[in-house]
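Here is the structure we will look at, set down as C-alpha cells.
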Amino acid sequence: MEYNVGDRVVTKKKHPCGGDVWQIVRTGADFKLRCETCGRVVMLSAEQFRKAVKRRAET
C-alpha cells in the first residue's frame, strides 16, 4: 500500500496519550508522523512504519 503526505493512519499500538490516529507529515526513507491527539511528532524508518500501521483512518 502506498502512503502520501497528509494521509491519516491508525497504528496497532496506542500512543501514551491514548491516541492511535496519526497524520503523515513526511515520506521517503523515513516517515514523519504527527499524533492527532497530542501533536507529538515521531520519525520511523519505512520498515518500522509498515510494521506499526494497521490501516488508513476514515476521514
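Each chain in the C-alpha cells gets a letter, A, B and so on, in the order shown; residues start at 1 in every chain, and ligands are counted from 1 in the order they appear.
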### Message
Would you pick out the contacts of A:Lys51 at 9 Å or less, using only C-alpha atoms, so that residues sharing its chain but fewer than 4 positions from it are not included, and give the list as a ChimeraX atom specification?
### Response
/A:11-12,46-47
Select from chain A everything DSSP, run on the backbone, classes as alpha helix (DSSP H), then give the selection as a PDB file with C-alpha atoms, in the first residue's frame.
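Just written: result19.pdb:
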ATOM      1  CA  ALA A  46       9.998   2.811   6.387  1.00  0.00           C
ATOM      2  CA  GLU A  47      10.222  -0.743   7.785  1.00  0.00           C
ATOM      3  CA  GLN A  48       9.117   0.316  11.290  1.00  0.00           C
ATOM      4  CA  PHE A  49       6.277   2.353   9.781  1.00  0.00           C
ATOM      5  CA  ARG A  50       4.911  -0.582   7.757  1.00  0.00           C
ATOM      6  CA  LYS A  51       5.000  -2.828  10.836  1.00  0.00           C
ATOM      7  CA  ALA A  52       3.274  -0.225  13.058  1.00  0.00           C
TER       8      ALA A  52
END
### Query
If we count only C-alpha atoms, what is near A:Gly28 at a cut-off of 12 Å, once residues fewer than 2 positions away on the same chain are taken out, given as a ChimeraX atom specification?
/A:2-5,24-26,30-32,43-47,49
### Task
For A:Lys14, work out the shell of residues within 12 Å, counting only C-alpha atoms and skipping chain neighbours fewer than 5 positions away, then give it as a list in words.
Val9, Gly19, Asp20, Val21, Trp22, Cys35, Glu36, Thr37, Ala52, Val53 and Lys54 of chain A
Selected residues written out with N, CA and C atoms, as a compact mmCIF listing (two decimals), in the first residue's frame:
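As written to disk, part19.txt reads:
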# COMPACT_ATOMS: atom_id res chain seq x y z
N VAL A 9 -3.38 7.59 9.33
CA VAL A 9 -3.27 6.15 9.54
C VAL A 9 -3.56 5.81 11.00
N GLY A 19 -4.04 8.26 21.93
CA GLY A 19 -4.42 8.35 20.52
C GLY A 19 -3.76 7.28 19.67
N ASP A 20 -4.47 6.86 18.63
CA ASP A 20 -3.86 5.90 17.71
C ASP A 20 -4.01 6.33 16.25
N VAL A 21 -4.44 7.59 16.04
CA VAL A 21 -4.56 8.13 14.69
C VAL A 21 -3.43 9.13 14.48
N TRP A 22 -2.69 8.97 13.38
CA TRP A 22 -1.53 9.79 13.06
C TRP A 22 -1.67 10.36 11.66
N CYS A 35 0.88 12.92 15.90
CA CYS A 35 -0.26 12.37 16.62
C CYS A 35 -1.42 13.35 16.53
N GLU A 36 -2.60 12.85 16.16
CA GLU A 36 -3.78 13.70 16.02
C GLU A 36 -4.31 14.15 17.39
N THR A 37 -3.98 13.41 18.45
CA THR A 37 -4.50 13.73 19.79
C THR A 37 -3.66 14.78 20.50
N ALA A 52 4.09 -0.90 12.04
CA ALA A 52 3.27 -0.22 13.06
C ALA A 52 1.86 0.11 12.58
N VAL A 53 1.68 0.28 11.26
CA VAL A 53 0.39 0.74 10.74
C VAL A 53 -0.59 -0.41 10.57
N LYS A 54 -1.81 -0.20 11.06
CA LYS A 54 -2.87 -1.18 10.92
C LYS A 54 -3.68 -0.93 9.65
#### Entry: Residue contacts of A:Arg34 (6 Å, only C-alpha atoms) excluding same-chain residues fewer than 4 positions away, as a PyMOL selection string
chain A and resi 22-23+39-41
### Residues flagged strand (DSSP E or B) by DSSP in chain A, as a list in words
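Those residues are Arg8, Val9, Val10, Thr11, Val21, Trp22, Gln23, Ile24, Val25, Arg26, Asp30, Phe31, Lys32, Leu33, Arg34, Cys35, Val41, Val42, Met43, Leu44, Ser45, Val53, Lys54, Arg55 and Arg56 of chain A.
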